[in-house]
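work-v9.cif, holding mmCIF, C-alpha atoms:
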data_protein
#
loop_
_atom_site.label_atom_id
_atom_site.label_comp_id
_atom_site.auth_asym_id
_atom_site.auth_seq_id
_atom_site.Cartn_x
_atom_site.Cartn_y
_atom_site.Cartn_z
CA MET H 12 -70.00 0.07 -16.35
CA LYS H 13 -67.08 -0.38 -13.97
CA TYR H 14 -64.88 1.59 -16.37
CA PHE H 15 -67.31 4.49 -16.31
CA SER H 16 -67.31 4.41 -12.49
CA LEU H 17 -63.51 4.50 -12.45
CA LEU H 18 -63.54 7.42 -14.86
CA GLN H 19 -65.96 9.31 -12.60
CA LYS H 20 -63.51 8.92 -9.70
CA THR H 21 -60.43 9.86 -11.72
CA ILE H 22 -61.63 13.05 -13.41
CA PRO H 23 -62.30 14.97 -10.15
CA LEU H 24 -58.76 14.17 -8.97
CA PHE H 25 -57.35 15.50 -12.20
CA LEU H 26 -59.45 18.66 -11.99
CA ILE H 27 -58.40 19.33 -8.38
CA LEU H 28 -54.73 19.02 -9.24
CA PHE H 29 -55.22 21.25 -12.26
CA LEU H 30 -56.99 23.96 -10.26
CA PHE H 31 -54.22 23.98 -7.65
CA SER H 32 -51.74 24.81 -10.41
CA CYS H 33 -53.71 27.81 -11.72
CA ALA H 34 -53.12 31.43 -10.74
CA SER H 35 -55.30 34.40 -11.56
CA ARG H 36 -54.08 37.65 -13.15
CA LYS H 37 -54.48 39.60 -9.90
CA ASP H 38 -52.06 37.23 -8.17
CA VAL H 39 -49.31 37.54 -10.76
CA VAL H 40 -49.26 40.90 -12.58
CA TYR H 41 -47.29 43.83 -11.14
CA TYR H 42 -48.45 47.50 -11.00
CA GLN H 43 -52.09 46.60 -11.69
CA ASN H 44 -53.55 49.98 -10.74
CA ILE H 45 -50.86 52.17 -12.28
CA ASP H 46 -53.22 53.60 -14.93
CA THR H 47 -55.60 54.86 -12.25
CA MET H 48 -53.00 56.60 -10.13
CA GLY H 49 -52.70 59.74 -12.23
CA SER H 50 -49.89 62.21 -11.68
CA GLN H 51 -47.99 61.80 -8.45
CA GLU H 52 -45.77 64.18 -6.62
CA LYS H 53 -42.09 63.55 -7.07
CA SER H 54 -40.93 61.15 -4.38
CA THR H 55 -38.62 62.61 -1.79
CA SER H 56 -34.92 61.98 -2.22
CA TYR H 57 -33.88 58.83 -0.40
CA GLU H 58 -30.62 58.44 1.45
CA ILE H 59 -29.62 55.48 3.57
CA ARG H 60 -28.34 56.06 7.08
CA ILE H 61 -25.07 54.70 8.34
CA GLN H 62 -25.29 51.79 10.77
CA PRO H 63 -22.80 50.00 13.07
CA ASP H 64 -20.63 47.47 11.19
CA ASP H 65 -20.77 49.48 7.97
CA LEU H 66 -17.46 49.69 6.12
CA LEU H 67 -16.90 53.24 4.87
CA SER H 68 -14.40 54.35 2.30
CA ILE H 69 -13.49 57.96 3.17
CA ASN H 70 -10.77 59.77 1.27
CA VAL H 71 -9.59 63.36 1.48
CA SER H 72 -7.85 65.22 -1.32
CA ALA H 73 -6.86 68.81 -2.01
CA GLU H 74 -5.09 70.91 -4.59
CA ASP H 75 -1.93 70.40 -2.55
CA SER H 76 -1.91 66.62 -2.11
CA GLU H 77 0.75 66.74 0.58
CA VAL H 78 -1.44 68.67 3.03
CA ALA H 79 -4.20 66.05 2.61
CA MET H 80 -1.92 63.12 3.44
CA PRO H 81 -2.45 63.18 7.25
CA PHE H 82 -6.21 62.75 6.73
CA ASN H 83 -5.88 59.47 4.83
CA LEU H 84 -4.96 56.04 6.13
CA ASN H 85 -3.33 55.16 2.80
CA PRO H 86 -2.18 58.43 1.25
CA ALA H 87 -0.73 58.73 -2.24
CA ASN H 88 2.95 59.45 -2.59
CA PRO H 89 3.17 63.19 -3.39
CA LEU H 90 6.41 62.56 -5.31
CA SER H 91 4.59 60.36 -7.84
CA ALA H 92 3.34 63.44 -9.71
CA GLY H 93 -0.14 62.01 -10.22
CA LYS H 94 1.00 58.59 -11.44
CA GLU H 95 -0.19 56.93 -8.24
CA SER H 96 -3.70 57.61 -7.03
CA ALA H 97 -4.57 57.46 -3.35
CA LYS H 98 -5.56 54.04 -2.08
CA GLU H 99 -8.85 53.67 -0.28
CA SER H 100 -9.01 54.47 3.42
CA VAL H 101 -11.64 52.12 4.83
CA TYR H 102 -13.16 52.54 8.30
CA LEU H 103 -15.36 50.15 10.28
CA VAL H 104 -18.22 51.81 12.16
CA ASP H 105 -18.03 50.31 15.64
CA VAL H 106 -20.95 49.02 17.72
CA ASN H 107 -21.43 52.47 19.21
CA GLY H 108 -21.52 54.12 15.78
CA PHE H 109 -18.05 55.72 15.85
CA ILE H 110 -15.01 55.67 13.55
CA ASP H 111 -11.49 56.73 14.50
CA PHE H 112 -10.44 59.27 11.87
CA PRO H 113 -6.88 60.58 11.42
CA VAL H 114 -6.26 64.00 13.03
CA LEU H 115 -9.95 64.43 13.93
CA GLY H 116 -10.15 61.46 16.31
CA LYS H 117 -13.39 59.62 17.14
CA ILE H 118 -16.47 60.79 15.21
CA LYS H 119 -19.97 59.36 15.52
CA LEU H 120 -21.50 58.63 12.12
CA SER H 121 -24.24 56.13 12.96
CA GLY H 122 -27.68 57.42 11.98
CA MET H 123 -26.30 60.05 9.60
CA THR H 124 -26.89 60.19 5.85
CA ARG H 125 -24.10 60.41 3.30
CA SER H 126 -24.73 64.09 2.61
CA GLU H 127 -24.74 64.88 6.33
CA ILE H 128 -21.40 63.13 6.81
CA LEU H 129 -19.83 64.92 3.85
CA ALA H 130 -20.97 68.27 5.24
CA LEU H 131 -19.57 67.37 8.68
CA PHE H 132 -16.15 66.41 7.30
CA GLN H 133 -16.09 69.43 4.99
CA LYS H 134 -16.58 71.70 7.99
CA LYS H 135 -14.04 69.97 10.25
CA ILE H 136 -11.27 69.49 7.69
CA SER H 137 -11.64 73.04 6.35
CA ASN H 138 -10.08 74.15 9.63
CA TYR H 139 -6.85 72.52 8.40
CA ILE H 140 -7.05 72.49 4.60
CA LYS H 141 -8.32 75.03 2.11
CA GLY H 142 -11.00 73.57 -0.20
CA PRO H 143 -10.81 69.90 0.81
CA ILE H 144 -12.52 67.31 -1.38
CA ILE H 145 -14.07 64.39 0.51
CA THR H 146 -15.35 61.18 -1.09
CA LEU H 147 -17.45 58.64 0.77
CA ALA H 148 -18.84 55.21 -0.16
CA ILE H 149 -20.26 52.21 1.70
CA ARG H 150 -18.17 49.16 0.85
CA ASN H 151 -20.29 46.38 2.39
CA PHE H 152 -23.78 47.35 1.17
CA LYS H 153 -25.62 44.09 0.57
CA ILE H 154 -29.16 42.71 0.50
CA SER H 155 -30.44 39.15 0.88
CA LEU H 156 -33.33 37.60 -1.05
CA GLN H 157 -35.02 34.41 0.10
CA GLY H 158 -38.02 32.27 -0.73
CA GLU H 159 -39.80 32.17 -4.08
CA VAL H 160 -37.23 33.97 -6.24
CA ASN H 161 -35.37 32.28 -9.07
CA SER H 162 -31.89 32.90 -7.63
CA PRO H 163 -32.01 33.38 -3.86
CA GLY H 164 -28.86 34.66 -2.20
CA THR H 165 -27.00 37.66 -0.82
CA TYR H 166 -26.13 40.34 -3.37
CA PRO H 167 -23.59 43.17 -3.05
CA VAL H 168 -24.86 46.60 -4.09
CA VAL H 169 -22.49 49.07 -5.75
CA SER H 170 -24.93 51.97 -5.78
CA GLU H 171 -26.32 53.37 -2.54
CA ARG H 172 -29.77 53.77 -4.10
CA VAL H 173 -31.41 50.49 -5.10
CA THR H 174 -35.14 49.75 -5.28
CA LEU H 175 -37.07 46.65 -4.27
CA ILE H 176 -37.77 45.91 -7.94
CA GLU H 177 -34.06 46.15 -8.77
CA ALA H 178 -33.32 43.81 -5.87
CA LEU H 179 -35.84 41.26 -7.14
CA THR H 180 -34.35 41.58 -10.62
CA MET H 181 -30.93 40.69 -9.19
CA ALA H 182 -32.51 37.42 -8.05
CA LYS H 183 -34.00 36.94 -11.56
CA ASP H 184 -37.51 37.89 -10.43
CA LEU H 185 -40.11 35.93 -8.50
CA THR H 186 -41.07 32.41 -9.46
CA ILE H 187 -44.65 31.85 -10.58
CA TYR H 188 -45.29 30.52 -7.06
CA GLY H 189 -44.18 33.73 -5.29
CA LYS H 190 -46.82 35.64 -3.32
CA ARG H 191 -46.54 39.09 -4.85
CA ASN H 192 -48.97 40.91 -2.57
CA ASN H 193 -47.26 40.11 0.73
CA ILE H 194 -43.48 40.45 0.34
CA LEU H 195 -41.70 40.65 3.69
CA ILE H 196 -38.85 43.12 4.21
CA ILE H 197 -36.80 42.73 7.39
CA ARG H 198 -34.85 45.87 8.22
CA GLU H 199 -32.58 46.69 11.16
CA ILE H 200 -31.97 50.27 12.29
CA ASP H 201 -29.85 51.02 15.36
CA GLY H 202 -30.16 47.42 16.50
CA VAL H 203 -33.96 47.36 16.23
CA LYS H 204 -35.52 45.03 13.64
CA SER H 205 -38.73 45.93 11.84
CA TYR H 206 -40.93 43.62 9.77
CA ASN H 207 -42.77 45.19 6.85
CA ARG H 208 -45.10 43.92 4.12
CA VAL H 209 -45.15 45.22 0.54
CA ASP H 210 -47.70 44.52 -2.22
CA ILE H 211 -46.00 44.89 -5.61
CA THR H 212 -49.21 44.12 -7.51
CA LYS H 213 -50.31 47.67 -6.62
CA ALA H 214 -48.26 50.45 -8.18
CA ASP H 215 -48.53 52.73 -5.15
CA PHE H 216 -45.94 50.59 -3.33
CA MET H 217 -43.42 52.81 -5.15
CA TYR H 218 -44.27 55.52 -2.61
CA SER H 219 -43.69 53.20 0.33
CA PRO H 220 -40.70 53.80 2.65
CA PHE H 221 -39.62 50.29 1.68
CA TYR H 222 -39.46 50.91 -2.05
CA TYR H 223 -35.78 51.76 -1.60
CA MET H 224 -33.55 49.17 0.04
CA ALA H 225 -31.30 49.82 3.03
CA GLN H 226 -28.04 48.01 3.69
CA ASN H 227 -28.48 44.46 5.04
CA ASP H 228 -32.21 44.34 4.22
CA VAL H 229 -33.66 40.82 3.97
CA VAL H 230 -36.42 40.28 1.38
CA TYR H 231 -38.54 37.16 1.78
CA VAL H 232 -41.10 36.05 -0.82
CA GLU H 233 -43.47 33.50 0.66
CA PRO H 234 -45.00 30.73 -1.46
CA ASN H 235 -48.58 31.05 -2.68
CA LYS H 236 -51.37 28.54 -2.06
CA SER H 237 -50.54 26.61 -5.22
CA LYS H 238 -46.98 25.94 -4.05
CA ILE H 239 -48.07 25.02 -0.54
CA SER H 240 -50.78 22.69 -1.85
CA GLY H 241 -48.33 21.19 -4.31
CA SER H 242 -45.80 20.49 -1.57
CA ALA H 243 -48.51 18.63 0.35
CA VAL H 244 -49.03 16.34 -2.62
CA GLY H 245 -45.30 15.72 -2.68
CA ALA H 246 -42.57 15.29 -5.22
CA ASN H 247 -44.71 12.90 -7.27
CA THR H 248 -47.14 15.56 -8.51
CA GLY H 249 -45.82 15.36 -12.06
CA LEU H 250 -46.14 11.58 -12.03
CA ILE H 251 -49.72 11.84 -10.75
CA PHE H 252 -50.62 14.16 -13.63
CA SER H 253 -49.04 11.83 -16.18
CA VAL H 254 -50.62 8.68 -14.81
CA THR H 255 -54.03 10.36 -14.50
CA SER H 256 -53.84 11.63 -18.07
CA ILE H 257 -52.86 8.22 -19.42
CA LEU H 258 -55.53 6.51 -17.35
CA ILE H 259 -58.25 8.80 -18.65
CA THR H 260 -57.10 8.22 -22.23
CA VAL H 261 -57.04 4.41 -21.80
CA ILE H 262 -60.47 4.30 -20.15
CA SER H 263 -61.92 6.53 -22.87
CA LEU H 264 -60.56 4.20 -25.58
CA ILE H 265 -61.94 1.12 -23.80
CA ILE H 266 -65.38 2.68 -23.47
CA THR H 267 -65.33 3.73 -27.12
CA THR H 268 -64.29 0.32 -28.46
CA SER H 269 -66.73 -1.57 -26.18
CA LYS H 270 -69.76 0.18 -27.70
#

As structure tokens, what does this structure read like?
Amino acid sequence: MKYFSLLQKTIPLFLILFLFSCASRKDVVYYQNIDTMGSQEKSTSYEIRIQPDDLLSINVSAEDSEVAMPFNLNPANPLSAGKESAKESVYLVDVNGFIDFPVLGKIKLSGMTRSEILALFQKKISNYIKGPIITLAIRNFKISLQGEVNSPGTYPVVSERVTLIEALTMAKDLTIYGKRNNILIIREIDGVKSYNRVDITKADFMYSPFYYMAQNDVVYVEPNKSKISGSAVGANTGLIFSVTSILITVISLIITTSK
């Protein structure tokens, strides 16, 4: 009789621990309502805006490479006959949003998109050079992923157009304990931080302004209830499961053989 009483006390503990470890489909699966969305208008083209502390690679070339030399910090040697390409000219956007550009002097770029900057330089340099070619790239574009992802860390981004899903893929996706319907994105624009929540279990997040990442975004995936409850039990959760399972088996055998 005492064995049966012990079994009655043990089984509920096992069931509670088991239920804590379970997750429903709605908590785990991405894009759950995508089949009900129908046709959507094409999303508007996204371009990031330049911020203070960005490192910009800006290079100017022309049919006559010698006339473009004054507009580059590290110009190619015109006597190399094409054997030596121009080295990158990299500029740091200062705290006030300016860069100091050869010939043109100080130019404010903070808050401008890549296409806007290219148009600005095209107009200014055309006063000196016929048909200038300007190339521009951000050299310190990075995003940070924290919390319940498989490989948290800070990741450099080569492209200037990266989505939240691509960012999560860089971190090898969310763990099973990641809360998919409340992902936090911390973004800073002109020194002002914003805190935004995204639900990736609903497909319409793809039309959110936070579907595309901006430079220096921080993505935090908070743990779900199962992870929080598990941490309360402690590091011995696995041992508790094993001991409980063995105990139930032993008690069952004792009851069976005592009949």

Shell around segment 58-61 of chain H at 8 Å using all atoms listed in the file, local window under 6 positions removed, as a ChimeraX atom specification: /H:120-125,171-172,225-226

Atom CA of Pro163 of chain H to atom CA of Ile239 of chain H, straight-line distance in Å: 18.4 Å

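Once the PyMOL selection byres ((chain H and resi 231) around 8) is applied to the shown structure, the selection contains Leu156, Gln157, Gly158, Glu159, Ile194, Leu195, Ile196, Val229, Val230, Val232 and Glu233 of chain H.
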
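Residue nearest Tyr218 of chain H within the list H:Tyr57, H:Lys204, H:Ser155, H:Ile136: H:Tyr57 [criterion: smallest interatomic distance, only C-alpha atoms].
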
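Going from atom CA of Val101 of chain H over to atom CA of Arg198 of chain H, you cover 24.3 Å.
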
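Nearest to Leu67 of chain H of all the residues H:Lys236, H:Lys213, H:Arg150, H:Lys183 is H:Arg150, counting only C-alpha atoms.
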
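Atom to atom, atom CA of Ser219 of chain H and atom CA of Val104 of chain H stand 28.1 Å apart.
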
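Across H:Tyr166, H:Leu147, H:Ser237, H:Asp228, the tightest approach to Thr186 of chain H is made by H:Ser237 when counting only C-alpha atoms.
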
Contacts of Val114 of chain H at 10 Å (only C-alpha atoms; same-chain gap of 3+ positions) as a VMD selection string: chain H and resid 81 to 83 111 117 136 139
